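Notes follow the structure.
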Protein chains: 2
Amino acid sequence: MRTIELWDKSVILIDQTKLPQKLRFIRCENAEEVARAIERMQVRGAPVLAAAAAMALAVTALRSRARKKGQLLRELRRAAELVRRTRPTAVNLSVGLKRALEAAQGAPDVERASEAVVKEARRIAEEDVKVNKKMGENGAKLLRNGDVVLTHCNAGALATVDYGTALGVVRSAWRKGKRIKVIATETRPLLQGARLTAWELKRDGIPTTVVVDSAVGHLMARGEVTKVLVGADRIAANGDAANKIGTYTIAVLAKEHRVPFYVVAPTSSVDLDTPTGKTISIEYRAPREVEFIQGKRILPKGVKVLNPAFDVTPARLITSIVTERGVVKPDKLKSLFKS
Amino acid sequence: MRTIELWDKSVILIDQTKLPQKLRFIRCENAEEVARAIERMQVRGAPVLAAAAAMALAVTALRSRARKKGQLLRELRRAAELVRRTRPTAVNLSVGLKRALEAAQGAPDVERASEAVVKEARRIAEEDVKVNKKMGENGAKLLRNGDVVLTHCNAGALATVDYGTALGVVRSAWRKGKRIKVIATETRPLLQGARLTAWELKRDGIPTTVVVDSAVGHLMARGEVTKVLVGADRIAANGDAANKIGTYTIAVLAKEHRVPFYVVAPTSSVDLDTPTGKTISIEYRAPREVEFIQGKRILPKGVKVLNPAFDVTPARLITSIVTERGVVKPDKLKSLFKS
């Protein structure tokens with residue numbers, strides 16, 4: 001079971017808003033429907049957004065009636081615009097769109113342009129899984145028996161096509177027989193830690209404890225966390241990393257308690273065009289996500305809410321970045337991109 | 001409208017679990033019912049627990065059929081034991097019980113012992129309001145126009161008999177015409193910030209923004225918080241302060257961003273018999289509080305949950321402690337108790 005798949009001219013994806021109560025799939029028949037699923041966070045997680053974006057173009061191509069390559073390209077660009085607008089922070093979404101569009105552009109005619117988009121979307125999905133397993137291997141070396149790994153939000157199979165980034169490292173270490181435990185923060189407002197990370201790790205039999213986000217300081221002060229592993233939505237050229245709101249708070253606590261803090265992300269999440277974290281656009285999402293939990297209002301009406309979806313952790317607070325090409329200090333990030 | 005009152009041989013209290021949706025009152029006719037209301041957090045907040053505890057003994061006395069003082073004292077001690085067992089962290093609860101019991105012991109006969117308990121319970125409630133207003137005055141001097149005060153949980157009128165500790169300071173500054181704003185953390189698991197603090201401040205017209213607990217780091221990094229004001233459940237002799245889970249995390253962030261961090265609490269929350277925060281007993285509450293929100297399950301079944309209700313902020317992270325006797329550095333706390 002993958003988080004997302006291209007099947008029968010459609011994108012089939014797990015509806016992550018329904019987990020853990022129900023494992024439901026959604027079928028998206030065009031780019032609009034994929035864009036809507038992304039906006040609603042039915043599919044979320046930086047790496048999987050590359051596949052979702054490319055697949056949105058793939059279904060556009062598969063259902064297009066264009067007879068000329070130029071017309072197909074116009075349709076694809078329109079679809080790409082729809083998808084691009086959904087979420088600004090994760091760089092992977094743009095990368096997926098760019099790769100799919102370039103594949104179409106490079107083809108000699110409309111049939112082969114269409115095939116190229118579909119092939120590229122499938123390639124992105126396959127690469128994602130391979131890259132995650134490689135990151136898992138690289139990162140597993142950092143973990144040892146007895147480690148208690150704190151993770152935030154969901155950087156797991158559900159944030160990727162399969163296997164996961166931070167949770168991929170946990171999986172690889174666990175499969176190598178390392179006796180580790182996980183502490184998952186529940187991750188308000190959308191509770192991806194409580195709903196998704198706990199669900200994934202329970203299925204794998206990896207011992208997991210859920211805590212509220214604000215308990216991290218207390219646990220670290222008691223020496224109950226030995227490593228932090230988180231994902232990233234975009235890593236700037238200087239090693240600053242944007243990730244789910246609350247990541248920065250955990251990084252400050254990790255520094256205070258001398259707990260190693262690792263960011264696990266594919267090199268495709270590194271944006272060399274973004275010099276530092278200061279220029280990363282932070283998405284502010286609807287107040288509704290904070291005001292209501294599972295459809296129930298928790299706040300008095302008329303009270304203002306601020307709902308930043310991400311924050312930026314400066315490179316100085318990151319011990320190392322785990323990628324498929326190796327584990328590097330944030331200031332050595334660029335060395336991964338030298339040919 | 002007070003958070004709690006002694007009326008018609010009963011304790012009448014606002015059911016804080018129903019706010020902000022409904023403003024409902026509960027009538028407790030004996031100590032068991034008061035103890036249950038405390039356990040269920042229908043009444044919560046360190047200072048008000050002193051009044052609640054004393055009032056539990058007051059209703060015991062008012063409804064007692066004891067004809068001898070010795071018998072009444074036994075009934076009161078039994079009631080005190082019930083109430084004492086409910087929650088271990090806030091020192092105020094024990095203080096309230098102790099004062100009410102001593103009042104009874106000091107009386108010459110059963111009638112006057114009964115009267116003395118009732119009188120002492122009322123006195124504790126009156127003192128609480130006076131002390132809060134005095135703290136408000138003392139603390140308001142720390143705030144200036146343009147301040148954005150971050151507060152955690154509810155240290156407001158609902159945590160006290162009336163007026164509040166940290167929110168008392170906010171109220172006093174606001175009433176003096178200082179243009180301040182409040183950021184209230186929602187405070188998982190029981191959402192006292194979102195439900196209670198937002199409700200109180202909205203009624204007073206004080207501009208308030210609610211954020212998820214994990215957004216504090218992000219806001220401080222952006223310079224959007226100028227002061228932190230929190231309450232305390234117990235302050236050790238060395239100035240370490242136990243308060244709602246998440247307070248310590250905020251204190252670490254405040255230090256990192258050089259934001260002044262103030263604890264606002266009556267001297268009755270200072271426990272000179274507790275030398276440091278290390279010996280404060282931290283209550284771990286039922287996993288259910290994290291697993292369910294407003295009756296809806298958010299976690300997969302069978303996943304472990306850890307639910308510490310408090311944490312300890314070491315004195316070195318506290319800028320000053322605001323009490324009714326003055327504002328002191330944590331290491332000067334003992335000076336408040338010299339006669």
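The chains in the structure tokens are called A, B, ... from first to last as shown; in each chain the residues are counted from 1, and the ligands are counted from 1 in the order shown.
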
Would you mind listing, for every residue of segment 90-204 of chain A within 6 Å of segment 29-46 of chain A, the two atoms forming the shortest contact and the distance between them in Å to one decimal, using only C-alpha atoms, sorted by chain and ascending residue number, as CSV?
residue,atom,partner,partner_atom,distance
A:Ala90,CA,A:Ala46,CA,5.4
A:Asn92,CA,A:Ala46,CA,5.9
A:Ala159,CA,A:Gly45,CA,3.9

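Counting only C-alpha atoms, Gly277 of chain A has the following residues at most 9 Å away, ignoring those fewer than 6 positions along the same chain: A:Arg234, A:Ile235, A:Ala236, A:Ala237, A:Asn238, A:Gly239, A:Asp240, A:Ala241, A:Ala242, A:Val312, A:Thr313, A:Pro314, A:Ala315.
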
Find the residues of chain B that sit at most 8 Å from chain A; for each, write down the nearest two atoms and how far apart they are in Å, to one decimal. Count only C-alpha atoms. Sort by chain, then by number going up, and give it as a Markdown table.
| residue | atom | partner | partner_atom | distance |
| --- | --- | --- | --- | --- |
| B:Pro20 | CA | A:Pro300 | CA | 5.6 |
| B:Gln21 | CA | A:Pro300 | CA | 7.1 |
| B:Thr187 | CA | A:Ser214 | CA | 7.8 |
| B:Arg188 | CA | A:Val212 | CA | 6.4 |
| B:Pro189 | CA | A:Val212 | CA | 6.7 |
| B:Leu191 | CA | A:Ile298 | CA | 7.8 |
| B:Ala194 | CA | A:Leu299 | CA | 5.4 |
| B:Arg195 | CA | A:Leu299 | CA | 5.4 |
| B:Ala198 | CA | A:Val303 | CA | 6.8 |
| B:Trp199 | CA | A:Pro300 | CA | 6.0 |
| B:Lys202 | CA | A:Val303 | CA | 7.1 |
| B:Thr208 | CA | A:Lys304 | CA | 6.4 |
| B:Thr209 | CA | A:Lys304 | CA | 4.7 |
| B:Val210 | CA | A:Val305 | CA | 4.8 |
| B:Val211 | CA | A:Leu306 | CA | 5.6 |
| B:Val212 | CA | A:Arg188 | CA | 6.4 |
| B:Asp213 | CA | A:Ser214 | CA | 6.1 |
| B:Ser214 | CA | A:Gly246 | CA | 4.3 |
| B:Ala215 | CA | A:Gly246 | CA | 5.6 |
| B:Val216 | CA | A:Thr249 | CA | 7.2 |
| B:Gly217 | CA | A:Thr249 | CA | 4.8 |
| B:His218 | CA | A:Asp311 | CA | 5.8 |
| B:Ile245 | CA | A:Ala215 | CA | 6.0 |
| B:Gly246 | CA | A:Ser214 | CA | 4.3 |
| B:Thr247 | CA | A:Ser214 | CA | 7.9 |
| B:Tyr248 | CA | A:Gly217 | CA | 6.2 |
| B:Thr249 | CA | A:Gly217 | CA | 4.8 |
| B:Val252 | CA | A:Leu253 | CA | 6.9 |
| B:Leu253 | CA | A:Val252 | CA | 6.9 |
| B:Glu256 | CA | A:Val252 | CA | 7.6 |
| B:Val290 | CA | A:Val212 | CA | 7.2 |
| B:Ile293 | CA | A:Ile293 | CA | 7.2 |
| B:Gln294 | CA | A:Lys296 | CA | 7.1 |
| B:Lys296 | CA | A:Gln294 | CA | 7.1 |
| B:Ile298 | CA | A:Arg195 | CA | 6.1 |
| B:Leu299 | CA | A:Arg195 | CA | 5.4 |
| B:Pro300 | CA | A:Pro20 | CA | 5.6 |
| B:Val303 | CA | A:Thr209 | CA | 6.6 |
| B:Lys304 | CA | A:Thr209 | CA | 4.7 |
| B:Val305 | CA | A:Val210 | CA | 4.8 |
| B:Leu306 | CA | A:Val211 | CA | 5.6 |
| B:Asn307 | CA | A:Val211 | CA | 6.5 |
| B:Pro308 | CA | A:Ala215 | CA | 7.3 |
| B:Asp311 | CA | A:His218 | CA | 5.8 |
| B:Val312 | CA | A:His218 | CA | 7.6 |

In Å, with one decimal, what is the gap from atom CA of Thr151 of chain B to atom CA of Pro47 of chain B?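 So the answer is 16.8 Å.
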
Give me the residues near Gly168 of chain A as an NGL selection string, where near means some atom within 8 Å (using only C-alpha atoms) and where sequence neighbours in that chain fewer than 6 positions away do not count. :A and (132-133 or 135-136 or 156-157)

As a check of understanding: the span from atom CA of Leu13 of chain A to atom CA of Ala54 of chain A is 13.6 Å

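Note that DSSP on the backbone gives strand (DSSP E or B) to these residues of segment 115-159 of chain B: Val148, Val149, Leu150 and Thr151 of chain B.
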